[in-house]
file structure10.cif (mmCIF, C-alpha atoms)
data_final
#
loop_
_atom_site.label_atom_id
_atom_site.label_comp_id
_atom_site.auth_asym_id
_atom_site.auth_seq_id
_atom_site.Cartn_x
_atom_site.Cartn_y
_atom_site.Cartn_z
CA SER A 1367 113.72 133.69 49.56
CA LEU A 1368 116.11 130.95 48.50
CA VAL A 1369 114.78 127.85 46.82
CA TRP A 1370 116.79 124.71 47.51
CA PRO A 1371 117.11 122.23 44.67
CA LYS A 1372 115.52 118.85 45.23
CA VAL A 1373 118.02 116.11 45.96
CA ALA A 1374 117.40 112.73 44.37
CA HIS A 1375 117.07 109.89 46.86
CA PRO A 1376 117.60 106.66 44.96
CA LEU A 1377 115.67 103.75 46.39
CA PRO A 1378 117.92 101.18 48.05
CA ASP A 1379 118.35 97.66 46.71
CA ILE A 1380 116.25 95.41 48.93
CA LEU A 1381 117.48 91.91 49.73
CA SER A 1382 114.97 89.08 49.66
CA GLY A 1383 114.68 86.85 52.72
CA ALA A 1384 116.69 84.16 50.91
CA GLU A 1385 119.42 86.67 50.03
CA VAL A 1386 119.62 87.86 53.66
CA GLU A 1387 120.04 84.25 54.78
CA ARG A 1388 122.69 83.56 52.13
CA LEU A 1389 124.55 86.74 53.09
CA LEU A 1390 124.52 86.00 56.83
CA ASN A 1391 125.71 82.44 56.21
CA ALA A 1392 128.65 83.86 54.19
CA VAL A 1393 129.90 86.03 57.09
CA GLU A 1394 133.03 84.30 58.38
CA ALA A 1395 133.46 85.59 61.95
CA PRO A 1396 130.65 84.58 64.33
CA LYS A 1397 130.88 87.98 66.08
CA HIS A 1398 130.31 89.87 62.80
CA ARG A 1399 127.51 87.49 61.78
CA VAL A 1400 125.62 88.05 65.05
CA ILE A 1401 126.00 91.85 64.79
CA LEU A 1402 124.60 91.77 61.24
CA MET A 1403 121.83 89.40 62.38
CA ALA A 1404 120.91 91.96 65.06
CA ALA A 1405 120.94 94.80 62.50
CA TYR A 1406 118.54 92.84 60.28
CA GLY A 1407 116.48 90.99 62.90
CA ALA A 1408 115.78 94.07 65.02
CA GLY A 1409 116.09 96.83 62.41
CA MET A 1410 118.99 98.49 64.21
CA ARG A 1411 121.50 100.89 62.75
CA ILE A 1412 124.96 99.32 62.58
CA GLY A 1413 126.32 101.63 65.29
CA GLU A 1414 123.45 100.64 67.57
CA ALA A 1415 124.11 96.93 67.02
CA CYS A 1416 127.87 97.34 67.59
CA SER A 1417 127.35 99.16 70.89
CA LEU A 1418 124.89 96.70 72.45
CA ALA A 1419 125.56 95.81 76.07
CA THR A 1420 124.71 92.50 77.70
CA ILE A 1421 122.17 94.30 79.92
CA ASP A 1422 120.28 95.51 76.79
CA ILE A 1423 119.03 92.00 75.96
CA ASP A 1424 115.76 91.29 77.78
CA SER A 1425 114.92 87.65 77.05
CA GLU A 1426 111.91 87.66 79.40
CA ARG A 1427 110.12 90.41 77.48
CA MET A 1428 111.81 89.46 74.18
CA VAL A 1429 113.03 92.99 73.50
CA ILE A 1430 116.34 94.76 73.00
CA HIS A 1431 116.89 98.14 74.65
CA VAL A 1432 118.56 100.39 72.07
CA ARG A 1433 120.28 103.15 74.04
CA ASP A 1434 121.23 106.53 72.71
CA GLY A 1435 120.08 105.94 69.12
CA LYS A 1436 119.82 108.68 66.53
CA ARG A 1437 118.93 112.05 68.09
CA GLY A 1438 119.89 110.52 71.47
CA GLN A 1439 116.64 108.54 71.62
CA ASP A 1440 116.24 105.25 73.49
CA ARG A 1441 113.77 102.68 72.17
CA TYR A 1442 112.84 99.02 72.44
CA VAL A 1443 112.97 96.70 69.45
CA MET A 1444 111.78 93.15 69.08
CA LEU A 1445 114.04 90.22 69.90
CA SER A 1446 113.21 87.18 67.79
CA PRO A 1447 113.81 83.66 69.15
CA VAL A 1448 116.32 83.07 66.31
CA LEU A 1449 118.31 86.19 67.22
CA LEU A 1450 118.15 85.34 70.94
CA GLN A 1451 119.56 81.87 70.23
CA ALA A 1452 122.37 83.35 68.09
CA LEU A 1453 123.22 85.89 70.83
CA ARG A 1454 123.28 83.16 73.49
CA THR A 1455 125.48 80.90 71.37
CA TYR A 1456 127.87 83.80 70.68
CA TRP A 1457 127.97 84.79 74.37
CA ARG A 1458 128.64 81.22 75.56
CA GLN A 1459 131.47 80.85 73.05
CA TYR A 1460 133.20 84.21 73.64
CA ARG A 1461 132.14 85.34 77.16
CA PRO A 1462 132.96 89.01 76.48
CA ASP A 1463 134.44 90.90 79.45
CA GLY A 1464 132.75 94.03 80.69
CA LEU A 1465 129.43 95.44 79.55
CA ALA A 1466 130.04 95.51 75.79
CA LEU A 1467 128.43 92.54 74.07
CA PHE A 1468 130.73 93.06 71.07
CA PRO A 1469 133.99 94.43 72.48
CA GLY A 1470 136.55 96.21 70.33
CA GLU A 1471 140.28 95.57 70.19
CA ARG A 1472 141.01 97.95 73.07
CA PRO A 1473 139.53 97.11 76.50
CA GLY A 1474 136.38 99.04 77.35
CA THR A 1475 135.47 99.77 73.73
CA CYS A 1476 132.92 98.37 71.30
CA ILE A 1477 133.69 96.93 67.89
CA LYS A 1478 133.91 99.61 65.20
CA PRO A 1479 131.10 99.74 62.61
CA GLU A 1480 133.76 99.95 59.86
CA THR A 1481 135.04 96.50 60.89
CA VAL A 1482 131.55 95.08 60.40
CA ARG A 1483 131.17 96.93 57.06
CA ASP A 1484 134.37 95.24 55.84
CA ALA A 1485 133.06 91.83 56.93
CA LEU A 1486 129.80 92.55 55.08
CA ARG A 1487 131.67 93.45 51.87
CA GLN A 1488 133.62 90.17 52.01
CA ALA A 1489 130.40 88.19 52.67
CA LEU A 1490 128.66 89.83 49.69
CA LYS A 1491 131.47 88.65 47.40
CA LYS A 1492 131.44 85.17 48.91
CA ALA A 1493 127.63 84.93 48.60
CA GLY A 1494 127.72 86.21 45.02
CA ILE A 1495 125.25 89.04 45.73
CA LYS A 1496 125.65 91.86 43.20
CA LYS A 1497 123.17 94.33 44.71
CA ARG A 1498 124.42 97.55 46.36
CA VAL A 1499 124.30 96.48 50.00
CA THR A 1500 125.48 98.28 53.13
CA PRO A 1501 124.72 97.48 56.78
CA HIS A 1502 121.88 100.02 56.50
CA SER A 1503 120.41 97.89 53.69
CA LEU A 1504 119.65 95.26 56.33
CA ARG A 1505 117.54 97.86 58.16
CA HIS A 1506 115.69 98.59 54.91
CA ALA A 1507 115.14 94.86 54.36
CA PHE A 1508 113.81 94.51 57.93
CA ALA A 1509 111.26 97.30 57.38
CA THR A 1510 110.29 96.07 53.91
CA HIS A 1511 109.83 92.48 55.07
CA LEU A 1512 107.66 93.65 57.99
CA LEU A 1513 105.57 95.79 55.65
CA GLU A 1514 105.16 92.90 53.20
CA ALA A 1515 104.02 90.71 56.11
CA GLY A 1516 101.25 93.22 56.88
CA THR A 1517 102.77 95.13 59.82
CA ASP A 1518 101.25 98.57 60.39
CA ILE A 1519 103.50 101.46 59.28
CA ARG A 1520 103.20 103.23 62.68
CA THR A 1521 104.54 100.09 64.38
CA ILE A 1522 107.45 100.01 61.93
CA GLN A 1523 108.07 103.72 62.62
CA LYS A 1524 108.38 103.00 66.36
CA LEU A 1525 110.64 99.98 65.83
CA LEU A 1526 112.96 101.98 63.58
CA GLY A 1527 112.97 104.96 65.95
CA HIS A 1528 111.87 107.44 63.28
CA GLY A 1529 110.62 110.81 64.50
CA SER A 1530 108.65 111.38 61.31
CA ILE A 1531 106.30 109.03 59.51
CA ARG A 1532 107.79 110.44 56.26
CA SER A 1533 111.11 108.75 57.04
CA THR A 1534 109.31 105.44 57.47
CA ALA A 1535 107.19 105.99 54.36
CA ARG A 1536 110.36 105.83 52.22
CA TYR A 1537 110.46 102.11 53.05
CA THR A 1538 107.02 101.63 51.46
CA HIS A 1539 108.33 102.40 47.96
#
call {"tool": "encode", "arguments": {"input": "structure10.cif", "output": "structure tokens"}}
result
Amino acid sequence: SLVWPKVAHPLPDILSGAEVERLLNAVEAPKHRVILMAAYGAGMRIGEACSLATIDIDSERMVIHVRDGKRGQDRYVMLSPVLLQALRTYWRQYRPDGLALFPGERPGTCIKPETVRDALRQALKKAGIKKRVTPHSLRHAFATHLLEAGTDIRTIQKLLGHGSIRSTARYTH
């Protein structure tokens, strides 16, 4: 039988709460800032945040319905009052047409994750943050900050939409 070599998985650089705040404040476009706030505040993948629809925000139950996540799975994630306020302010200012909360350049499309990645790179420079940070780093920071606050790892697994507890356990290192 074949033996596969082990692949090194370097641990990601984790942003502190203060660094996350500094980074988000350095994002120039309000649309990009709110998408990155959603990625951090709800632990969403960047593609999930970009493809949010207005009907996915449930302010009564304070949850966001993430549709068609990784492996085609739907899930609910928490909606903080701060994120809800940012989403409402964004929506009042831009009143996006159609279902997409963050429309792309062409009608009927969502903003591209690469556009948000570019905005993040510019904000990192502006904020003077030298750590290796990608949109996915915000998801890692979300999980790490929840863990540090005493949240149960199974709850974090559900919020992140992980099928295996081993995936979530990587955030505990």
call {"tool": "atom_distance", "arguments": {"input": "structure10.cif", "atom1": "atom CA of A:Ile1430", "atom2": "atom CA of A:Leu1418"}}
result
8.8 Å
call {"tool": "residues_around", "arguments": {"input": "structure10.cif", "residues": "stretch 1469-1484 of chain A", "least_positions_apart": "5", "cutoff": "8 Å", "atoms": "only C-alpha atoms", "output": "VMD selection string"}}
result
chain A and resid 1398 1401 to 1402 1412 to 1413 1416 to 1417 1462 to 1464 1500 to 1501
call {"tool": "closest_residue", "arguments": {"input": "structure10.cif", "among": "A:Phe1468, A:Ala1485, A:Val1400, A:Gly1494", "to": "A:Gln1451", "atoms": "only C-alpha atoms"}}
result
A:Val1400
call {"tool": "atom_distance", "arguments": {"input": "structure10.cif", "atom1": "atom CA of A:Leu1513", "atom2": "atom CA of A:Ala1493"}}
result
25.6 Å
call {"tool": "residues_around", "arguments": {"input": "structure10.cif", "residues": "A:Ile1522", "least_positions_apart": "5", "cutoff": "12 Å", "atoms": "all atoms listed in the file", "output": "JSON, numbers by chain"}}
result
{"A": [1408, 1409, 1410, 1442, 1443, 1444, 1505, 1506, 1507, 1508, 1509, 1510, 1511, 1512, 1513, 1514, 1515, 1516, 1517, 1527, 1528, 1529, 1530, 1531, 1532, 1533, 1534, 1535, 1536, 1537, 1538]}
call {"tool": "write_last_selection", "arguments": {"input": "structure10.cif", "atoms": "C-alpha atoms", "output": "PDB file, in the frame of the given file"}}
result
ATOM      1  CA  ALA A1408     115.780  94.070  65.020  1.00  0.00           C
ATOM      2  CA  GLY A1409     116.090  96.830  62.410  1.00  0.00           C
ATOM      3  CA  MET A1410     118.990  98.490  64.210  1.00  0.00           C
ATOM      4  CA  TYR A1442     112.840  99.020  72.440  1.00  0.00           C
ATOM      5  CA  VAL A1443     112.970  96.700  69.450  1.00  0.00           C
ATOM      6  CA  MET A1444     111.780  93.150  69.080  1.00  0.00           C
ATOM      7  CA  ARG A1505     117.540  97.860  58.160  1.00  0.00           C
ATOM      8  CA  HIS A1506     115.690  98.590  54.910  1.00  0.00           C
ATOM      9  CA  ALA A1507     115.140  94.860  54.360  1.00  0.00           C
ATOM     10  CA  PHE A1508     113.810  94.510  57.930  1.00  0.00           C
ATOM     11  CA  ALA A1509     111.260  97.300  57.380  1.00  0.00           C
ATOM     12  CA  THR A1510     110.290  96.070  53.910  1.00  0.00           C
ATOM     13  CA  HIS A1511     109.830  92.480  55.070  1.00  0.00           C
ATOM     14  CA  LEU A1512     107.660  93.650  57.990  1.00  0.00           C
ATOM     15  CA  LEU A1513     105.570  95.790  55.650  1.00  0.00           C
ATOM     16  CA  GLU A1514     105.160  92.900  53.200  1.00  0.00           C
ATOM     17  CA  ALA A1515     104.020  90.710  56.110  1.00  0.00           C
ATOM     18  CA  GLY A1516     101.250  93.220  56.880  1.00  0.00           C
ATOM     19  CA  THR A1517     102.770  95.130  59.820  1.00  0.00           C
ATOM     20  CA  GLY A1527     112.970 104.960  65.950  1.00  0.00           C
ATOM     21  CA  HIS A1528     111.870 107.440  63.280  1.00  0.00           C
ATOM     22  CA  GLY A1529     110.620 110.810  64.500  1.00  0.00           C
ATOM     23  CA  SER A1530     108.650 111.380  61.310  1.00  0.00           C
ATOM     24  CA  ILE A1531     106.300 109.030  59.510  1.00  0.00           C
ATOM     25  CA  ARG A1532     107.790 110.440  56.260  1.00  0.00           C
ATOM     26  CA  SER A1533     111.110 108.750  57.040  1.00  0.00           C
ATOM     27  CA  THR A1534     109.310 105.440  57.470  1.00  0.00           C
ATOM     28  CA  ALA A1535     107.190 105.990  54.360  1.00  0.00           C
ATOM     29  CA  ARG A1536     110.360 105.830  52.220  1.00  0.00           C
ATOM     30  CA  TYR A1537     110.460 102.110  53.050  1.00  0.00           C
ATOM     31  CA  THR A1538     107.020 101.630  51.460  1.00  0.00           C
TER      32      THR A1538
END
call {"tool": "residues_around", "arguments": {"input": "structure10.cif", "residues": "A:Ile1495", "least_positions_apart": "6", "cutoff": "10 Å", "atoms": "all atoms listed in the file", "output": "list in words"}}
result
Leu1381, Glu1385, Val1386, Arg1388, Leu1389, Arg1487 and Ala1489 of chain A
call {"tool": "closest_residue", "arguments": {"input": "structure10.cif", "among": "A:Val1369, A:Leu1486, A:Ala1384, A:Val1429", "to": "A:Leu1449", "atoms": "all atoms listed in the file"}}
result
A:Val1429
call {"tool": "residues_around", "arguments": {"input": "structure10.cif", "residues": "stretch 1376-1379 of chain A", "least_positions_apart": "2", "cutoff": "8 Å", "atoms": "only C-alpha atoms", "output": "list of chain:residue names"}}
result
A:Ala1374, A:Leu1381, A:Lys1497, A:Arg1498, A:Val1499, A:Ser1503, A:His1506, A:His1539
call {"tool": "residues_around", "arguments": {"input": "structure10.cif", "residues": "A:Gln1439", "least_positions_apart": "6", "cutoff": "12 Å", "atoms": "only C-alpha atoms", "output": "list of chain:residue names"}}
result
A:Glu1414, A:His1431, A:Val1432, A:Arg1433, A:Lys1524, A:Leu1525, A:Leu1526, A:Gly1527, A:His1528, A:Gly1529
call {"tool": "atom_distance", "arguments": {"input": "structure10.cif", "atom1": "atom CA of A:Arg1454", "atom2": "atom CA of A:Leu1504"}}
result
21.3 Å
call {"tool": "closest_residue", "arguments": {"input": "structure10.cif", "among": "A:Asp1422, A:Lys1496, A:Asp1518, A:Ile1380", "to": "A:Asp1440", "atoms": "all atoms listed in the file"}}
result
A:Asp1422
